[in-house]
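Engineer: Sharing structure.txt below, compact mmCIF, C-alpha atoms:
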```
# COMPACT_ATOMS: atom_id res chain seq x y z
CA MET A 740 -8.11 -11.49 28.79
CA SER A 741 -9.64 -11.46 32.25
CA GLY A 742 -10.40 -8.30 34.20
CA GLU A 743 -7.50 -8.97 36.56
CA GLU A 744 -5.08 -9.38 33.64
CA PHE A 745 -6.23 -6.06 32.17
CA PHE A 746 -5.40 -4.23 35.36
CA LYS A 747 -1.86 -5.63 35.29
CA LEU A 748 -1.11 -4.03 31.90
CA GLU A 749 1.69 -1.48 31.97
CA PRO A 750 0.46 2.15 31.83
CA ASN A 751 1.59 4.16 28.81
CA PRO A 752 1.49 7.83 29.85
CA VAL A 753 3.70 8.88 26.91
CA LEU A 754 1.10 7.64 24.42
CA GLY A 755 -1.55 9.19 26.66
CA LYS A 756 0.04 12.64 26.33
CA LYS A 757 0.25 12.32 22.54
CA LEU A 758 -3.39 11.24 22.33
CA THR A 759 -4.39 14.11 24.60
CA ILE A 760 -2.94 16.57 22.09
CA VAL A 761 -4.92 14.85 19.32
CA SER A 762 -8.07 14.94 21.46
CA TRP A 763 -7.74 18.71 21.95
CA ILE A 764 -7.29 19.21 18.20
CA VAL A 765 -10.43 17.14 17.61
CA THR A 766 -12.31 19.07 20.31
CA VAL A 767 -11.40 22.48 18.88
CA ALA A 768 -12.28 21.28 15.35
CA VAL A 769 -15.68 20.04 16.55
CA TRP A 770 -16.38 23.28 18.41
CA GLY A 771 -15.40 25.20 15.27
CA LEU A 772 -17.65 23.12 13.02
CA VAL A 773 -20.60 23.50 15.37
CA GLY A 774 -20.00 27.26 15.47
CA LEU A 775 -19.84 27.47 11.68
CA MET A 776 -23.01 25.47 11.15
CA ARG A 777 -24.92 28.04 13.20
CA GLY A 778 -24.01 30.66 10.59
CA PRO A 779 -26.52 32.18 8.18
CA THR A 780 -25.15 30.51 5.06
CA LYS A 781 -26.48 27.03 4.32
CA ILE A 782 -25.03 24.59 1.81
CA PRO A 783 -27.59 23.93 -0.93
CA LEU A 784 -28.36 20.31 -1.70
CA PRO A 785 -29.03 19.02 -5.23
CA GLU A 786 -32.63 19.18 -6.43
CA GLY A 787 -34.70 16.44 -4.84
CA VAL A 788 -32.13 15.62 -2.14
CA THR A 789 -33.13 16.17 1.45
CA LEU A 790 -31.64 15.41 4.82
CA ASP A 791 -34.95 15.88 6.65
CA PHE A 792 -34.73 12.32 7.99
CA LEU A 793 -31.58 13.06 10.00
CA PRO A 794 -33.16 14.44 13.20
CA MET A 795 -34.74 11.02 13.77
CA VAL A 796 -31.33 9.42 13.09
CA HIS A 797 -29.77 11.79 15.66
CA ALA A 798 -32.30 10.68 18.27
CA GLY A 799 -31.72 7.02 17.44
CA LEU A 800 -27.96 7.36 17.65
CA ASN A 801 -28.25 9.13 21.01
CA CYS A 802 -30.47 6.30 22.27
CA LEU A 803 -27.82 3.81 21.19
CA VAL A 804 -25.14 5.84 22.97
CA ALA A 805 -27.20 5.72 26.17
CA LEU A 806 -27.75 1.97 25.80
CA PHE A 807 -24.04 1.30 25.21
CA LEU A 808 -23.07 3.50 28.16
CA ILE A 809 -25.41 1.61 30.47
CA LEU A 810 -24.07 -1.71 29.16
CA ALA A 811 -20.50 -0.47 29.70
CA LEU A 812 -21.32 0.33 33.32
CA VAL A 813 -22.93 -3.07 33.87
CA PHE A 814 -19.96 -4.85 32.29
CA VAL A 815 -17.32 -2.98 34.27
CA LYS A 816 -19.19 -3.69 37.51
CA GLN A 817 -19.18 -7.39 36.51
CA ARG A 818 -15.43 -7.10 35.75
CA LYS A 819 -16.10 -8.03 32.11
CA ILE A 820 -13.52 -5.54 30.90
CA GLU A 821 -13.41 -6.60 27.25
CA LEU A 822 -17.21 -6.19 26.98
CA HIS A 823 -16.89 -2.84 28.78
CA ARG A 824 -14.31 -1.69 26.21
CA LEU A 825 -16.48 -2.88 23.32
CA SER A 826 -19.52 -1.05 24.73
CA ILE A 827 -17.57 2.18 25.20
CA SER A 828 -16.15 1.84 21.69
CA ALA A 829 -19.68 1.40 20.33
CA ALA A 830 -20.86 4.47 22.28
CA MET A 831 -17.98 6.50 20.85
CA VAL A 832 -18.66 5.32 17.28
CA CYS A 833 -22.36 6.20 17.65
CA SER A 834 -21.40 9.60 19.08
CA ALA A 835 -19.07 10.26 16.15
CA LEU A 836 -21.78 9.22 13.65
CA PHE A 837 -24.24 11.46 15.49
CA LEU A 838 -21.85 14.39 15.22
CA LEU A 839 -21.31 13.86 11.49
CA CYS A 840 -25.06 13.60 10.82
CA TYR A 841 -25.81 16.56 13.08
CA VAL A 842 -23.31 18.81 11.33
CA ALA A 843 -24.49 17.66 7.88
CA TYR A 844 -28.10 18.42 8.78
CA HIS A 845 -27.41 21.83 10.28
CA PHE A 846 -25.13 22.90 7.43
CA THR A 847 -27.96 22.20 4.97
CA ASN A 848 -31.17 23.03 6.87
CA GLU A 849 -32.59 25.97 8.72
CA GLU A 850 -32.98 25.53 12.44
CA THR A 851 -36.39 24.25 13.55
CA LYS A 852 -38.04 26.51 16.11
CA PHE A 853 -39.93 25.11 19.08
CA GLY A 854 -43.56 26.20 18.88
CA GLY A 855 -44.78 25.11 22.29
CA GLU A 856 -45.84 27.48 25.04
CA GLY A 857 -45.92 27.71 28.82
CA PHE A 858 -44.30 24.99 30.91
CA ALA A 859 -43.50 22.84 27.84
CA ARG A 860 -41.50 25.71 26.35
CA THR A 861 -39.62 26.32 29.59
CA LEU A 862 -38.87 22.63 30.01
CA TYR A 863 -37.74 22.30 26.38
CA PHE A 864 -35.27 25.18 26.67
CA ILE A 865 -33.93 23.97 30.03
CA LEU A 866 -33.29 20.54 28.51
CA LEU A 867 -31.94 21.92 25.23
CA ILE A 868 -29.56 24.46 26.78
CA SER A 869 -28.25 22.00 29.36
CA HIS A 870 -27.88 19.37 26.61
CA ILE A 871 -25.89 21.68 24.32
CA VAL A 872 -23.68 23.15 27.05
CA LEU A 873 -22.90 19.78 28.63
CA ALA A 874 -22.29 18.14 25.23
CA ALA A 875 -19.75 20.82 24.34
CA LEU A 876 -18.06 20.87 27.73
CA SER A 877 -17.97 17.10 28.17
CA LEU A 878 -16.33 16.29 24.82
CA PRO A 879 -12.69 16.78 25.92
CA PHE A 880 -13.37 14.95 29.18
CA ILE A 881 -15.00 12.00 27.38
CA LEU A 882 -11.98 11.77 25.10
CA GLN A 883 -9.55 12.06 28.02
CA THR A 884 -11.38 9.36 29.97
CA TRP A 885 -11.14 7.07 26.94
CA ILE A 886 -7.43 7.90 26.57
CA PHE A 887 -6.75 6.96 30.20
CA GLY A 888 -8.46 3.61 29.66
CA PHE A 889 -6.78 2.99 26.31
CA THR A 890 -3.33 3.72 27.72
CA ASN A 891 -3.90 1.52 30.80
CA GLN A 892 -3.93 4.43 33.26
CA PHE A 893 -6.78 2.75 35.09
CA ASP A 894 -6.75 4.79 38.32
CA LYS A 895 -7.09 8.03 36.35
CA HIS A 896 -9.65 6.40 34.07
CA ARG A 897 -11.85 5.27 36.98
CA LYS A 898 -11.65 8.63 38.74
CA MET A 899 -12.56 10.60 35.63
CA ALA A 900 -15.22 8.11 34.45
CA LYS A 901 -17.17 8.55 37.69
CA LEU A 902 -17.58 12.23 36.82
CA VAL A 903 -17.90 11.95 33.04
CA PHE A 904 -20.29 8.99 32.80
CA PRO A 905 -23.39 10.68 34.29
CA VAL A 906 -22.87 13.79 32.16
CA TRP A 907 -22.42 11.80 28.95
CA LEU A 908 -25.49 9.70 29.80
CA TYR A 909 -27.52 12.86 30.51
CA VAL A 910 -26.50 14.30 27.13
CA ALA A 911 -27.37 11.04 25.37
CA LEU A 912 -30.81 10.91 27.01
CA THR A 913 -31.78 14.57 26.70
CA GLY A 914 -31.02 14.59 22.96
CA PRO A 915 -33.91 12.23 22.08
CA ILE A 916 -36.19 13.97 24.58
CA CYS A 917 -35.53 17.32 22.87
CA TYR A 918 -36.11 15.66 19.48
CA LEU A 919 -39.48 14.27 20.62
CA MET A 920 -40.51 17.66 21.97
CA LEU A 921 -39.41 19.41 18.74
CA GLN A 922 -40.70 16.73 16.35
CA PRO A 923 -44.17 18.27 15.79
CA TYR A 924 -42.51 21.46 14.49
CA TYR A 925 -40.25 19.94 11.84
CA GLY A 926 -41.23 21.03 8.33
CA GLN A 927 -43.18 24.09 9.48
```
Can you give me the file's structure in the form of structure tokens?
Structural biologist:
Amino acid sequence: MSGEEFFKLEPNPVLGKKLTIVSWIVTVAVWGLVGLMRGPTKIPLPEGVTLDFLPMVHAGLNCLVALFLILALVFVKQRKIELHRLSISAAMVCSALFLLCYVAYHFTNEETKFGGEGFARTLYFILLISHIVLAALSLPFILQTWIFGFTNQFDKHRKMAKLVFPVWLYVALTGPICYLMLQPYYGQ
């Protein structure tokens, strides 16, 4: 289907409203899980099982999200709408996998503390705090932007995507940067 044919599809705001309810349920569930994983009780793993490899997986998944987001932007500017949709779908799948791995890691491992000092410490916490806050706040807006596109409400999708895209890209890029800055302190 060409880009022009996509834009002629009939909007489905009724489905959009139903999906919005689901997206808010998902958002609240994610916020709840992230809050619970910060608790003092950790889930013990069987002897010899470790999830210490997951922080590198988190960084890799975030890099893939950033790549797919950039590809999605390129494709939409070229009016290659099907490739745009595939790229956004890939970014969302990678984000969901990231979230599952992130929660699994933090439910089973103690938090790693940053050991740097001076400017590096300040920079790390600026990036980390902005990353966490924007990740949490952007989730419902990312989902709503996707819903507008999925339900052919293209004007709303475009308007929201212009605001959501740079925030989602920032979150996807700052995740690996924080990982690289924290990496020397894993296992200490």
Engineer: List the spatial neighbours of Thr766 of chain A as a list of chain:residue names - criterion: any atom at most 10 Å away, only C-alpha atoms, same-chain residues fewer than 4 positions off excluded.
Structural biologist: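 Once the nearby chain positions are removed, what remains is A:Ile760, A:Val761, A:Ser762, A:Trp770, A:Gly771, A:Leu772, A:Ala875, A:Leu876, A:Ser877, A:Leu878, A:Pro879, A:Phe880, A:Leu882.
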Engineer: Quick one, how far is atom CA of Lys898 of chain A from atom CA of His823 of chain A?
Structural biologist: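 Between atom CA of Lys898 of chain A and atom CA of His823 of chain A the gap works out to 16.1 Å.
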Engineer: Closest to Pro794 of chain A among A:Ile886, A:Leu867, A:Val903, A:Ala843, using only C-alpha atoms?
Structural biologist: A:Ala843
Engineer: Could you check the closest approach to Gln922 of chain A for each of A:Thr851, A:Gln892, A:Gln817, A:Thr861 and tell me which residue wins, using all atoms listed in the file?
Structural biologist: A:Thr851
Engineer: For Glu850 of chain A, list every protein, DNA or RNA residue within 12 Å, evaluated using all atoms listed in the file, and leave out those in the same chain fewer than 3 positions away; present the list as a ChimeraX atom specification.
Structural biologist: /A:776-781,791,794,841-842,844-847,853,921,924-927
Engineer: For Ser828 of chain A, which residue among A:Val788, A:Val872, A:Leu808, A:Val906 is the nearest when counting only C-alpha atoms?
Structural biologist: A:Leu808
Engineer: Which residue, A:Phe904, A:Phe858, A:Phe887, A:Trp763, has the smallest gap to Leu810 of chain A when you use only C-alpha atoms?
Structural biologist: A:Phe904
Engineer: Residues near segment 907-913 of chain A, anyone? I mean within 7 Å using all atoms listed in the file, not counting same-chain ones fewer than 5 positions away, as a ChimeraX atom specification.
Structural biologist: /A:801-802,804-805,808,866,870,873-874,877
Engineer: So which one's closest to Leu800 of chain A, A:Val832, A:Leu784, A:Gln883, A:Phe889? Using only C-alpha atoms, please.
Structural biologist: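 Answer, going by the shortest atom-to-atom distance: A:Val832.
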